[in-house]
Amino acid sequence: MQLPQAYIDALIALHRGLKRQGPGDDGFTERLLADLPPLPARPKIADIGCGAGAGALLLARHYRATVRAVDFAADFVEQMMREAARQGLADYIEPIVGDMGQLDWPPGSIDLLWSEGAAYNITFAGALRAWRPLLAANGVAVISEMNHFRDPPAPVVRDYMAEAYPGIQTEAANVERINASGFAVTALRRLPAACWWDNYYEPLQANMAALAHSPDAVMQAVIADTAAEMQFFGDHHRDYGYTYYVMTAA
Ligand SMILES: C[S@@+](CC[C@H](N)C(=O)[O-])C[C@H]1O[C@@H](n2cnc3c(N)ncnc32)[C@H](O)[C@@H]1O
């Protein structure tokens, strides 16, 4: 479903200034990186759908290597570069304002392809298709995707997702999809629900409070939808969430 531009603009405004634009956690990422299949000492890295760069900055710091960081929201990319400068990492980040589905990078040019909470924008299957050619022969991709944790899903969650995210699948179905897309899954890691609240929803609630009296009707709709999303996650976080899929080129 394509969201109206005014809704996307309000979403971007609501997320402005936040470290993360979606669920994630630095400690979780560090533990995941510690277990990755071997990579070159200075891997060529991409963070696709980087938002304000939570992943890109961590990866740059961790590997001391250049990260191509792409997002179509110029606001987030600018915020990332201000933070990169503050952390002394600006030389490691190659900022790109662009469409993650139209990356014209040379085939096989990325050793570590990272994408957190973003692939669904071009459908998970579409992301796998678009990004597989970018991965080097011995490369590693880490892509997070929201999935059902129960099979079959509880009816209340299935009905909610039919509206909220019709493309959602179980982890088993996503593993099948990945393995049929020229990748091979080597590990799955579920992001704990607490990371949604501590690093994403609670900071976002502060922005919602700051914009609570906005005269913009679209902003009011975005705030109401976001509050409903949080409420639903609070009630059903055992039923669905983000899984980070670690994969190599098959
Ligand atoms: C949920 S946010 C996650 C951002 C970041 N990875 C994080 O974890 O904080 C999804 C991001 O995808 C970006 N995005 C959505 N559609 C896109 C597209 N077609 N091309 C590039 N970026 C896109 C949004 O602007 C947003 O920053």
# chains A, B, ... in the order shown; residues from 1 in each chain; ligands from 1
>>> residues_near_ligand(ligand="ligand 1", cutoff="7 Å", atoms="only C-alpha atoms and all ligand atoms", output="list in words")
Lys19, Arg20, Gln21, Gly22, Pro23, Gly24, Ile48, Gly49, Cys50, Gly51, Ala52, Gly53, Ala54, Gly55, Val70, Asp71, Phe72, Ala73, Phe76, Gly98, Asp99, Met100, Gly101, Ser115, Glu116, Gly117, Ala118, Asn121 and Ile122 of chain A
>>> write_last_selection(atoms="C-alpha atoms", output="PDB file, in the first residue's frame")
ATOM      1  CA  LYS A  19      18.343   8.142  17.173  1.00  0.00           C
ATOM      2  CA  ARG A  20      16.266   5.317  15.714  1.00  0.00           C
ATOM      3  CA  GLN A  21      13.360   5.385  13.287  1.00  0.00           C
ATOM      4  CA  GLY A  22      12.483   1.757  14.004  1.00  0.00           C
ATOM      5  CA  PRO A  23      13.111  -0.957  16.605  1.00  0.00           C
ATOM      6  CA  GLY A  24      16.755  -1.901  17.257  1.00  0.00           C
ATOM      7  CA  ILE A  48      20.006   0.379   3.283  1.00  0.00           C
ATOM      8  CA  GLY A  49      17.072   2.405   4.621  1.00  0.00           C
ATOM      9  CA  CYS A  50      19.509   3.854   7.153  1.00  0.00           C
ATOM     10  CA  GLY A  51      17.185   6.494   8.616  1.00  0.00           C
ATOM     11  CA  ALA A  52      19.232   8.740  10.915  1.00  0.00           C
ATOM     12  CA  GLY A  53      22.058   6.199  10.831  1.00  0.00           C
ATOM     13  CA  ALA A  54      21.798   4.168  14.040  1.00  0.00           C
ATOM     14  CA  GLY A  55      23.126   1.147  12.158  1.00  0.00           C
ATOM     15  CA  VAL A  70      21.045   5.258   1.831  1.00  0.00           C
ATOM     16  CA  ASP A  71      17.603   6.591   2.685  1.00  0.00           C
ATOM     17  CA  PHE A  72      15.036   8.535   0.689  1.00  0.00           C
ATOM     18  CA  ALA A  73      14.384  10.947   3.583  1.00  0.00           C
ATOM     19  CA  PHE A  76      17.289  11.692   8.234  1.00  0.00           C
ATOM     20  CA  GLY A  98      17.904   7.660  -2.854  1.00  0.00           C
ATOM     21  CA  ASP A  99      15.510   4.801  -3.382  1.00  0.00           C
ATOM     22  CA  MET A 100      16.544   1.490  -1.870  1.00  0.00           C
ATOM     23  CA  GLY A 101      14.809  -0.320  -4.700  1.00  0.00           C
ATOM     24  CA  SER A 115      19.165  -3.225   6.600  1.00  0.00           C
ATOM     25  CA  GLU A 116      17.163  -2.706   9.761  1.00  0.00           C
ATOM     26  CA  GLY A 117      13.400  -2.229   9.776  1.00  0.00           C
ATOM     27  CA  ALA A 118      13.344  -1.011   6.200  1.00  0.00           C
ATOM     28  CA  ASN A 121       9.073  -0.728   2.197  1.00  0.00           C
ATOM     29  CA  ILE A 122       9.787  -2.444  -1.113  1.00  0.00           C
TER      30      ILE A 122
END
>>> select_by_dssp(residues="stretch 34-205 of chain A", states="strand (DSSP E)", output="NGL selection string")
:A and (45-48 or 67-71 or 93-97 or 110-115 or 135-148 or 169-170 or 183-190)
>>> residues_around(residues="A:Leu128", least_positions_apart="3", cutoff="8 Å", atoms="only C-alpha atoms", output="list in words")
Phe124, Ala125, Trp131, Arg132, Ile178 and Ser181 of chain A
>>> closest_residue(among="A:Thr66, A:Pro215, A:Trp114, A:Glu30", to="A:Leu89", atoms="only C-alpha atoms")
A:Thr66
>>> residues_around(residues="stretch 155-162 of chain A", least_positions_apart="2", cutoff="12 Å", atoms="only C-alpha atoms", output="MDAnalysis selection string")
chainID A and resid 1 146:153 164:170 228:229 232:233 235:241
>>> select_by_dssp(residues="stretch 56-128 of chain A", states="helix (DSSP H, G or I)", output="PyMOL selection string")
chain A and resi 56-63+74-86+90-92+119-122+124-128
>>> write_last_selection(atoms="N, CA and C atoms", output="CSV table (one decimal), in the first residue's frame")
chain,number,residue,atom,x,y,z
A,56,ALA,N,24.3,2.5,10.6
A,56,ALA,CA,25.5,3.0,9.8
A,56,ALA,C,26.6,3.5,10.7
A,57,LEU,N,26.2,4.3,11.7
A,57,LEU,CA,27.3,4.8,12.6
A,57,LEU,C,27.9,3.7,13.5
A,58,LEU,N,27.1,2.8,14.0
A,58,LEU,CA,27.6,1.7,14.7
A,58,LEU,C,28.6,0.9,13.9
A,59,LEU,N,28.2,0.6,12.7
A,59,LEU,CA,29.0,-0.2,11.8
A,59,LEU,C,30.3,0.5,11.4
A,60,ALA,N,30.2,1.8,11.2
A,60,ALA,CA,31.5,2.5,10.9
A,60,ALA,C,32.4,2.5,12.1
A,61,ARG,N,31.9,2.6,13.3
A,61,ARG,CA,32.7,2.6,14.5
A,61,ARG,C,33.3,1.2,14.7
A,62,HIS,N,32.5,0.2,14.5
A,62,HIS,CA,32.9,-1.2,14.7
A,62,HIS,C,34.0,-1.6,13.8
A,63,TYR,N,33.8,-1.3,12.5
A,63,TYR,CA,34.8,-1.8,11.5
A,63,TYR,C,35.8,-0.8,11.1
A,74,ALA,N,15.7,12.9,3.1
A,74,ALA,CA,16.9,13.8,3.2
A,74,ALA,C,17.1,14.3,4.6
A,75,ASP,N,16.0,14.5,5.3
A,75,ASP,CA,16.1,15.0,6.7
A,75,ASP,C,16.9,14.0,7.6
A,76,PHE,N,16.6,12.7,7.4
A,76,PHE,CA,17.3,11.7,8.2
A,76,PHE,C,18.8,11.6,7.8
A,77,VAL,N,19.0,11.7,6.5
A,77,VAL,CA,20.4,11.6,6.1
A,77,VAL,C,21.2,12.8,6.6
A,78,GLU,N,20.6,13.9,6.6
A,78,GLU,CA,21.3,15.1,7.2
A,78,GLU,C,21.6,15.0,8.7
A,79,GLN,N,20.6,14.4,9.4
A,79,GLN,CA,20.7,14.2,10.8
A,79,GLN,C,21.9,13.2,11.1
A,80,MET,N,21.9,12.2,10.2
A,80,MET,CA,23.0,11.2,10.4
A,80,MET,C,24.3,11.8,10.2
A,81,MET,N,24.5,12.7,9.2
A,81,MET,CA,25.8,13.3,9.0
A,81,MET,C,26.2,14.3,10.1
A,82,ARG,N,25.2,15.0,10.7
A,82,ARG,CA,25.5,15.8,11.8
A,82,ARG,C,26.1,14.9,13.0
A,83,GLU,N,25.4,13.8,13.2
A,83,GLU,CA,25.8,12.9,14.3
A,83,GLU,C,27.2,12.3,14.0
A,84,ALA,N,27.4,11.9,12.7
A,84,ALA,CA,28.7,11.4,12.2
A,84,ALA,C,29.8,12.4,12.5
A,85,ALA,N,29.5,13.6,12.2
A,85,ALA,CA,30.6,14.6,12.5
A,85,ALA,C,30.8,14.7,14.0
A,86,ARG,N,29.7,14.7,14.8
A,86,ARG,CA,29.9,14.9,16.2
A,86,ARG,C,30.7,13.7,16.8
A,90,ALA,N,32.5,11.1,10.3
A,90,ALA,CA,32.0,11.6,9.0
A,90,ALA,C,32.7,11.0,7.8
A,91,ASP,N,34.1,10.8,8.0
A,91,ASP,CA,34.8,10.3,6.8
A,91,ASP,C,34.5,8.9,6.5
A,92,TYR,N,33.8,8.2,7.4
A,92,TYR,CA,33.5,6.8,7.1
A,92,TYR,C,32.1,6.6,6.5
A,119,ALA,N,13.3,-3.1,4.9
A,119,ALA,CA,13.1,-3.9,3.7
A,119,ALA,C,11.7,-3.9,3.3
A,120,TYR,N,10.8,-4.0,4.3
A,120,TYR,CA,9.3,-4.1,4.0
A,120,TYR,C,8.8,-3.0,3.0
A,121,ASN,N,9.5,-1.8,3.0
A,121,ASN,CA,9.1,-0.7,2.2
A,121,ASN,C,9.0,-1.1,0.7
A,122,ILE,N,9.8,-2.0,0.3
A,122,ILE,CA,9.8,-2.4,-1.1
A,122,ILE,C,9.4,-3.9,-1.2
A,124,PHE,N,9.6,-7.5,1.4
A,124,PHE,CA,10.7,-8.3,1.8
A,124,PHE,C,11.3,-9.0,0.5
A,125,ALA,N,10.4,-9.6,-0.2
A,125,ALA,CA,10.8,-10.4,-1.4
A,125,ALA,C,11.4,-9.5,-2.4
A,126,GLY,N,10.9,-8.3,-2.6
A,126,GLY,CA,11.5,-7.3,-3.5
A,126,GLY,C,12.8,-6.8,-3.1
A,127,ALA,N,13.0,-6.7,-1.8
A,127,ALA,CA,14.4,-6.3,-1.2
A,127,ALA,C,15.4,-7.4,-1.5
A,128,LEU,N,15.0,-8.6,-1.2
A,128,LEU,CA,15.9,-9.7,-1.5
A,128,LEU,C,16.3,-9.8,-2.9
>>> residues_around(residues="A:Val218", least_positions_apart="3", cutoff="9 Å", atoms="only C-alpha atoms", output="list in words")
Ala6, Tyr7, Ala10, Pro215, Ala221, Val222 and Ile223 of chain A
>>> closest_residue(among="A:Val97, A:Leu113, A:Val67, A:Val140", to="A:Val185", atoms="only C-alpha atoms")
A:Val140
>>> closest_residue(among="A:Asp25, A:Glu145, A:Asp9, A:Asp35", to="A:Thr186", atoms="only C-alpha atoms")
A:Asp35
>>> residues_around(residues="A:Pro106", least_positions_apart="4", cutoff="9 Å", atoms="only C-alpha atoms", output="PDB file with C-alpha atoms, in the first residue's frame")
ATOM      1  CA  ILE A 110      29.151  -5.047  -0.906  1.00  0.00           C
ATOM      2  CA  PRO A 133      23.211  -8.931  -6.910  1.00  0.00           C
ATOM      3  CA  LEU A 134      25.016  -6.341  -4.759  1.00  0.00           C
TER       4      LEU A 134
END
>>> closest_residue(among="A:Leu18, A:Leu3, A:Tyr245, A:Gln231", to="A:Leu191", atoms="only C-alpha atoms")
A:Tyr245
>>> closest_residue(among="A:Ile12, A:Met230, A:Ala154, A:Phe28", to="A:Cys195", atoms="only C-alpha atoms")
A:Phe28
>>> atom_distance(atom1="atom CA of A:Gln102", atom2="atom CA of A:Ala65")
23.7 Å
